[in-house]
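Shown here: upload-v1.cif, mmCIF, N, CA and C atoms.
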```
data_start
#
loop_
_atom_site.label_atom_id
_atom_site.label_comp_id
_atom_site.auth_asym_id
_atom_site.auth_seq_id
_atom_site.Cartn_x
_atom_site.Cartn_y
_atom_site.Cartn_z
N MET A 1 4.55 18.72 -8.59
CA MET A 1 3.65 17.59 -8.58
C MET A 1 2.48 17.84 -7.63
N GLN A 2 2.77 18.45 -6.49
CA GLN A 2 1.72 18.75 -5.52
C GLN A 2 0.69 19.70 -6.14
N PHE A 3 1.17 20.66 -6.95
CA PHE A 3 0.25 21.59 -7.60
C PHE A 3 -0.72 20.85 -8.54
N LEU A 4 -0.21 19.88 -9.28
CA LEU A 4 -1.07 19.12 -10.19
C LEU A 4 -2.10 18.30 -9.43
N LYS A 5 -1.71 17.76 -8.28
CA LYS A 5 -2.64 17.00 -7.47
C LYS A 5 -3.76 17.90 -6.96
N ILE A 6 -3.41 19.09 -6.48
CA ILE A 6 -4.41 20.04 -5.99
C ILE A 6 -5.31 20.49 -7.14
N LEU A 7 -4.73 20.74 -8.30
CA LEU A 7 -5.52 21.14 -9.46
C LEU A 7 -6.49 20.04 -9.88
N PHE A 8 -6.05 18.81 -9.86
CA PHE A 8 -6.91 17.68 -10.21
C PHE A 8 -8.10 17.60 -9.27
N TRP A 9 -7.86 17.67 -7.94
CA TRP A 9 -8.95 17.58 -6.98
C TRP A 9 -9.88 18.80 -7.07
N ALA A 10 -9.33 19.95 -7.41
CA ALA A 10 -10.17 21.14 -7.58
C ALA A 10 -11.08 20.96 -8.79
N LEU A 11 -10.57 20.40 -9.86
CA LEU A 11 -11.40 20.15 -11.05
C LEU A 11 -12.49 19.11 -10.76
N ILE A 12 -12.15 18.08 -10.00
CA ILE A 12 -13.15 17.08 -9.62
C ILE A 12 -14.25 17.73 -8.78
N ALA A 13 -13.87 18.56 -7.81
CA ALA A 13 -14.85 19.23 -6.96
C ALA A 13 -15.72 20.18 -7.78
N PHE A 14 -15.13 20.88 -8.74
CA PHE A 14 -15.90 21.80 -9.59
C PHE A 14 -16.90 21.02 -10.45
N ALA A 15 -16.48 19.90 -11.00
CA ALA A 15 -17.38 19.08 -11.82
C ALA A 15 -18.51 18.52 -10.96
N ALA A 16 -18.20 18.10 -9.73
CA ALA A 16 -19.25 17.59 -8.83
C ALA A 16 -20.23 18.70 -8.47
N ALA A 17 -19.74 19.92 -8.26
CA ALA A 17 -20.62 21.04 -7.94
C ALA A 17 -21.53 21.37 -9.12
N LEU A 18 -20.99 21.34 -10.34
CA LEU A 18 -21.82 21.59 -11.52
C LEU A 18 -22.88 20.51 -11.68
N PHE A 19 -22.51 19.26 -11.47
CA PHE A 19 -23.46 18.17 -11.56
C PHE A 19 -24.56 18.33 -10.53
N THR A 20 -24.17 18.67 -9.30
CA THR A 20 -25.14 18.83 -8.23
C THR A 20 -26.10 19.97 -8.53
N PHE A 21 -25.58 21.08 -9.01
CA PHE A 21 -26.42 22.23 -9.32
C PHE A 21 -27.39 21.92 -10.46
N GLY A 22 -26.91 21.19 -11.47
CA GLY A 22 -27.77 20.89 -12.62
C GLY A 22 -28.77 19.78 -12.37
N ASN A 23 -28.55 18.92 -11.37
CA ASN A 23 -29.41 17.77 -11.16
C ASN A 23 -30.05 17.75 -9.78
N TRP A 24 -30.34 18.89 -9.21
CA TRP A 24 -30.94 18.94 -7.88
C TRP A 24 -32.44 18.67 -8.02
N LYS A 25 -32.76 17.39 -8.23
CA LYS A 25 -34.15 16.98 -8.42
C LYS A 25 -34.49 15.94 -7.38
N TRP A 26 -35.75 15.86 -7.04
CA TRP A 26 -36.23 14.85 -6.10
C TRP A 26 -36.49 13.56 -6.85
N VAL A 27 -35.97 12.45 -6.34
CA VAL A 27 -36.13 11.15 -6.96
C VAL A 27 -36.90 10.27 -5.98
N PRO A 28 -38.06 9.72 -6.42
CA PRO A 28 -38.80 8.83 -5.52
C PRO A 28 -38.18 7.44 -5.50
N ILE A 29 -38.03 6.90 -4.31
CA ILE A 29 -37.49 5.55 -4.13
C ILE A 29 -38.56 4.72 -3.43
N SER A 30 -38.98 3.62 -4.08
CA SER A 30 -39.97 2.73 -3.47
C SER A 30 -39.29 1.81 -2.49
N LEU A 31 -39.69 1.89 -1.23
CA LEU A 31 -39.15 1.03 -0.19
C LEU A 31 -40.10 -0.12 0.05
N PHE A 32 -39.82 -0.95 1.01
CA PHE A 32 -40.68 -2.08 1.32
C PHE A 32 -42.06 -1.58 1.74
N GLY A 33 -43.06 -2.39 1.46
CA GLY A 33 -44.43 -1.97 1.76
C GLY A 33 -44.86 -0.90 0.77
N ASN A 34 -45.59 0.07 1.26
CA ASN A 34 -46.02 1.19 0.42
C ASN A 34 -45.25 2.45 0.73
N LEU A 35 -44.09 2.34 1.35
CA LEU A 35 -43.29 3.51 1.68
C LEU A 35 -42.54 4.02 0.46
N VAL A 36 -42.56 5.32 0.31
CA VAL A 36 -41.83 5.97 -0.78
C VAL A 36 -40.98 7.07 -0.15
N ALA A 37 -39.68 7.04 -0.45
CA ALA A 37 -38.78 8.08 0.04
C ALA A 37 -38.38 8.97 -1.12
N GLU A 38 -38.38 10.25 -0.89
CA GLU A 38 -37.94 11.17 -1.92
C GLU A 38 -36.59 11.73 -1.50
N VAL A 39 -35.60 11.51 -2.35
CA VAL A 39 -34.22 11.88 -2.05
C VAL A 39 -33.69 12.69 -3.21
N ASN A 40 -32.81 13.65 -2.91
CA ASN A 40 -32.17 14.40 -3.98
C ASN A 40 -31.22 13.48 -4.75
N LEU A 41 -31.17 13.65 -6.05
CA LEU A 41 -30.35 12.79 -6.90
C LEU A 41 -28.87 12.81 -6.53
N PRO A 42 -28.23 13.97 -6.30
CA PRO A 42 -26.81 13.94 -5.93
C PRO A 42 -26.55 13.21 -4.61
N ILE A 43 -27.45 13.34 -3.65
CA ILE A 43 -27.27 12.65 -2.38
C ILE A 43 -27.42 11.14 -2.59
N LEU A 44 -28.38 10.74 -3.41
CA LEU A 44 -28.57 9.32 -3.71
C LEU A 44 -27.33 8.74 -4.39
N LEU A 45 -26.75 9.47 -5.34
CA LEU A 45 -25.55 8.99 -6.01
C LEU A 45 -24.36 8.92 -5.05
N LEU A 46 -24.26 9.88 -4.14
CA LEU A 46 -23.18 9.85 -3.16
C LEU A 46 -23.31 8.64 -2.23
N VAL A 47 -24.52 8.36 -1.80
CA VAL A 47 -24.74 7.22 -0.90
C VAL A 47 -24.43 5.91 -1.62
N THR A 48 -24.86 5.77 -2.86
CA THR A 48 -24.58 4.53 -3.59
C THR A 48 -23.09 4.39 -3.88
N PHE A 49 -22.41 5.51 -4.16
CA PHE A 49 -20.96 5.45 -4.37
C PHE A 49 -20.26 4.98 -3.10
N LEU A 50 -20.63 5.56 -1.96
CA LEU A 50 -20.01 5.17 -0.70
C LEU A 50 -20.35 3.73 -0.32
N ALA A 51 -21.55 3.28 -0.66
CA ALA A 51 -21.93 1.89 -0.36
C ALA A 51 -21.06 0.89 -1.13
N GLY A 52 -20.59 1.25 -2.29
CA GLY A 52 -19.71 0.38 -3.05
C GLY A 52 -18.23 0.59 -2.74
N PHE A 53 -17.87 1.83 -2.40
CA PHE A 53 -16.46 2.17 -2.21
C PHE A 53 -15.93 1.79 -0.83
N LEU A 54 -16.70 2.02 0.21
CA LEU A 54 -16.22 1.80 1.57
C LEU A 54 -15.88 0.33 1.88
N PRO A 55 -16.72 -0.64 1.52
CA PRO A 55 -16.31 -2.03 1.78
C PRO A 55 -15.03 -2.42 1.05
N THR A 56 -14.88 -1.96 -0.18
CA THR A 56 -13.68 -2.25 -0.94
C THR A 56 -12.46 -1.60 -0.29
N LEU A 57 -12.61 -0.37 0.16
CA LEU A 57 -11.51 0.34 0.82
C LEU A 57 -11.13 -0.36 2.13
N LEU A 58 -12.11 -0.76 2.90
CA LEU A 58 -11.83 -1.46 4.16
C LEU A 58 -11.13 -2.80 3.92
N TYR A 59 -11.57 -3.53 2.91
CA TYR A 59 -10.94 -4.80 2.57
C TYR A 59 -9.48 -4.58 2.15
N GLN A 60 -9.25 -3.58 1.31
CA GLN A 60 -7.89 -3.29 0.85
C GLN A 60 -7.00 -2.89 2.01
N ARG A 61 -7.50 -2.08 2.93
CA ARG A 61 -6.72 -1.68 4.11
C ARG A 61 -6.39 -2.89 4.99
N ALA A 62 -7.35 -3.79 5.14
CA ALA A 62 -7.12 -4.99 5.96
C ALA A 62 -6.05 -5.87 5.33
N VAL A 63 -6.08 -6.02 4.01
CA VAL A 63 -5.08 -6.84 3.33
C VAL A 63 -3.70 -6.21 3.48
N ARG A 64 -3.61 -4.89 3.30
CA ARG A 64 -2.32 -4.21 3.47
C ARG A 64 -1.81 -4.35 4.89
N TRP A 65 -2.69 -4.24 5.89
CA TRP A 65 -2.26 -4.38 7.27
C TRP A 65 -1.73 -5.78 7.53
N ARG A 66 -2.46 -6.79 7.02
CA ARG A 66 -2.04 -8.17 7.21
C ARG A 66 -0.69 -8.44 6.54
N LEU A 67 -0.49 -7.90 5.33
CA LEU A 67 0.78 -8.10 4.64
C LEU A 67 1.93 -7.38 5.35
N ARG A 68 1.66 -6.21 5.91
CA ARG A 68 2.70 -5.51 6.67
C ARG A 68 3.07 -6.29 7.92
N GLN A 69 2.08 -6.90 8.58
CA GLN A 69 2.37 -7.71 9.76
C GLN A 69 3.21 -8.92 9.39
N ARG A 70 2.89 -9.56 8.27
CA ARG A 70 3.67 -10.72 7.83
C ARG A 70 5.09 -10.31 7.46
N LEU A 71 5.25 -9.15 6.80
CA LEU A 71 6.57 -8.67 6.44
C LEU A 71 7.39 -8.34 7.68
N ALA A 72 6.78 -7.70 8.65
CA ALA A 72 7.49 -7.37 9.89
C ALA A 72 7.92 -8.65 10.62
N ALA A 73 7.07 -9.65 10.64
CA ALA A 73 7.43 -10.92 11.29
C ALA A 73 8.58 -11.59 10.55
N ALA A 74 8.56 -11.56 9.23
CA ALA A 74 9.64 -12.17 8.45
C ALA A 74 10.94 -11.41 8.66
N GLU A 75 10.88 -10.07 8.74
CA GLU A 75 12.09 -9.29 8.99
C GLU A 75 12.65 -9.57 10.38
N ARG A 76 11.77 -9.71 11.38
CA ARG A 76 12.23 -10.04 12.73
C ARG A 76 12.90 -11.41 12.76
N MET A 77 12.31 -12.37 12.05
CA MET A 77 12.87 -13.71 12.01
C MET A 77 14.23 -13.70 11.30
N ALA A 78 14.35 -12.95 10.22
CA ALA A 78 15.62 -12.86 9.52
C ALA A 78 16.68 -12.19 10.39
N ALA A 79 16.31 -11.15 11.13
CA ALA A 79 17.25 -10.49 12.03
C ALA A 79 17.68 -11.43 13.14
N ASP A 80 16.75 -12.21 13.68
CA ASP A 80 17.10 -13.18 14.72
C ASP A 80 18.06 -14.24 14.19
N LEU A 81 17.81 -14.71 12.97
CA LEU A 81 18.70 -15.72 12.39
C LEU A 81 20.09 -15.14 12.14
N ARG A 82 20.17 -13.89 11.66
CA ARG A 82 21.47 -13.25 11.46
C ARG A 82 22.20 -13.08 12.77
N ALA A 83 21.50 -12.67 13.80
CA ALA A 83 22.13 -12.48 15.11
C ALA A 83 22.60 -13.81 15.68
N ARG A 84 21.85 -14.86 15.47
CA ARG A 84 22.26 -16.17 15.96
C ARG A 84 23.48 -16.68 15.22
N ASP A 85 23.55 -16.44 13.91
CA ASP A 85 24.69 -16.88 13.13
C ASP A 85 25.95 -16.11 13.50
N VAL A 86 25.85 -14.85 13.80
CA VAL A 86 26.99 -14.03 14.18
C VAL A 86 27.45 -14.40 15.59
N ALA A 87 26.52 -14.65 16.48
CA ALA A 87 26.87 -14.93 17.87
C ALA A 87 27.55 -16.28 18.04
N SER A 88 27.17 -17.27 17.29
CA SER A 88 27.77 -18.60 17.46
C SER A 88 28.29 -19.10 16.12
N PRO A 89 29.60 -18.84 15.84
CA PRO A 89 30.15 -19.36 14.58
C PRO A 89 30.28 -20.88 14.65
N ALA A 90 30.42 -21.48 13.53
CA ALA A 90 30.50 -22.94 13.46
C ALA A 90 31.75 -23.42 14.20
N PRO A 91 31.62 -24.44 15.07
CA PRO A 91 32.80 -24.92 15.81
C PRO A 91 33.76 -25.65 14.88
N VAL A 92 35.05 -25.49 15.16
CA VAL A 92 36.09 -26.15 14.37
C VAL A 92 36.50 -27.40 15.15
N PRO A 93 36.51 -28.58 14.52
CA PRO A 93 36.92 -29.78 15.24
C PRO A 93 38.37 -29.68 15.69
N ALA A 94 38.66 -30.24 16.86
CA ALA A 94 40.01 -30.13 17.44
C ALA A 94 41.03 -30.93 16.66
N ASN A 95 40.65 -32.05 16.08
CA ASN A 95 41.62 -32.88 15.37
C ASN A 95 41.68 -32.59 13.87
N ALA A 96 41.07 -31.52 13.43
CA ALA A 96 41.10 -31.18 12.01
C ALA A 96 42.45 -30.60 11.65
N PRO A 97 43.00 -30.97 10.49
CA PRO A 97 44.31 -30.40 10.10
C PRO A 97 44.17 -28.91 9.80
N ALA A 98 45.24 -28.19 10.05
CA ALA A 98 45.24 -26.75 9.77
C ALA A 98 45.23 -26.56 8.27
N PRO A 99 44.53 -25.57 7.81
CA PRO A 99 44.50 -25.35 6.36
C PRO A 99 45.88 -24.90 5.88
N HIS A 100 46.26 -25.41 4.73
CA HIS A 100 47.57 -25.05 4.16
C HIS A 100 47.46 -23.67 3.54
N PRO A 101 48.45 -22.83 3.79
CA PRO A 101 48.43 -21.51 3.16
C PRO A 101 48.69 -21.67 1.67
N ALA A 102 48.20 -20.73 0.93
CA ALA A 102 48.40 -20.76 -0.51
C ALA A 102 49.88 -20.56 -0.81
N PRO A 103 50.41 -21.28 -1.80
CA PRO A 103 51.84 -21.11 -2.12
C PRO A 103 52.10 -19.70 -2.64
N ILE A 104 53.22 -19.16 -2.23
CA ILE A 104 53.59 -17.81 -2.65
C ILE A 104 54.33 -17.93 -3.97
N SER A 105 53.85 -17.24 -4.95
CA SER A 105 54.50 -17.31 -6.25
C SER A 105 55.63 -16.29 -6.28
N PRO A 106 56.74 -16.65 -6.87
CA PRO A 106 57.86 -15.70 -6.96
C PRO A 106 57.48 -14.54 -7.86
N VAL A 107 57.91 -13.38 -7.45
CA VAL A 107 57.62 -12.17 -8.21
C VAL A 107 58.74 -11.99 -9.23
N ALA A 108 58.34 -11.82 -10.44
CA ALA A 108 59.32 -11.63 -11.49
C ALA A 108 59.82 -10.20 -11.44
N VAL A 109 61.09 -10.01 -11.37
CA VAL A 109 61.69 -8.69 -11.33
C VAL A 109 62.22 -8.39 -12.70
N SER A 110 61.77 -7.29 -13.24
CA SER A 110 62.24 -6.92 -14.56
C SER A 110 63.61 -6.25 -14.44
N PRO A 111 64.45 -6.36 -15.46
CA PRO A 111 65.78 -5.79 -15.38
C PRO A 111 65.77 -4.26 -15.29
N GLU A 112 64.74 -3.59 -15.78
CA GLU A 112 64.72 -2.13 -15.74
C GLU A 112 64.54 -1.63 -14.32
N VAL A 113 63.82 -2.39 -13.48
CA VAL A 113 63.55 -1.97 -12.11
C VAL A 113 64.80 -2.13 -11.27
N ALA A 114 65.54 -3.19 -11.48
CA ALA A 114 66.70 -3.48 -10.65
C ALA A 114 67.88 -2.64 -10.94
#
```
Serialized structure, structure tokens:
Amino acid sequence: MQFLKILFWALIAFAAALFTFGNWKWVPISLFGNLVAEVNLPILLLVTFLAGFLPTLLYQRAVRWRLRQRLAAAERMAADLRARDVASPAPVPANAPAPHPAPISPVAVSPEVA
């Protein structure tokens, strides 16, 4: 499985290199005022990709962190409740009658055994 993952990323890198080599052109970008910036097309695409990907990645990481914190707190609370239940069993009232044992049923003895 690790080999397939490495092969996949190698193919992605090769495709990106081919795209970069074939599209290394200057692209004019009109900024505010009369400013014009000339940027290479692959660099422009990389910057726009990162501008969309990074906020989403950061949000997803924050949500996962928050959920892990909530899960850890719930696990701690469950462990505390289990420890409290084990440490202090329910008190038995002093005047409560003792439970009756279950009646013992007679065992049938077959004639072949005897």
Worksheet item: What does the distance from atom CA of Arg61 of chain A to atom CA of Ile43 of chain A come to in Å, to one decimal?
Response: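 According to the coordinates, atom CA of Arg61 of chain A and atom CA of Ile43 of chain A are separated by 25.9 Å.
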Fill in: Pick from A:Ala78, A:Ile6, A:Ala16, A:Leu41, whichever lies nearest to Pro28 of chain A using only N, CA and C atoms
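Result for the nearest residue to Pro28 of chain A: A:Leu41.
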Item to complete: Write down as a list in words the residues belonging to segment 30-65 of chain A that are assigned strand (DSSP E or B) by DSSP computed on the backbone.
Response: Ser30, Val36, Ala37, Glu38, Val39 and Asn40 of chain A
Discussion item. Which residue is closest to Trp26 of chain A? Choose from A:Leu44, A:Phe8, A:Met1, A:Arg66 and count only C-alpha atoms.
Written reply: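 So, comparing all the options, the nearest one is A:Leu44.
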Fill in: Interatomic distance, atom CA of Leu54 of chain A to atom CA of Leu35 of chain A (Å, one decimal)
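For atom CA of Leu54 of chain A relative to atom CA of Leu35 of chain A, the distance reads 27.1 Å.
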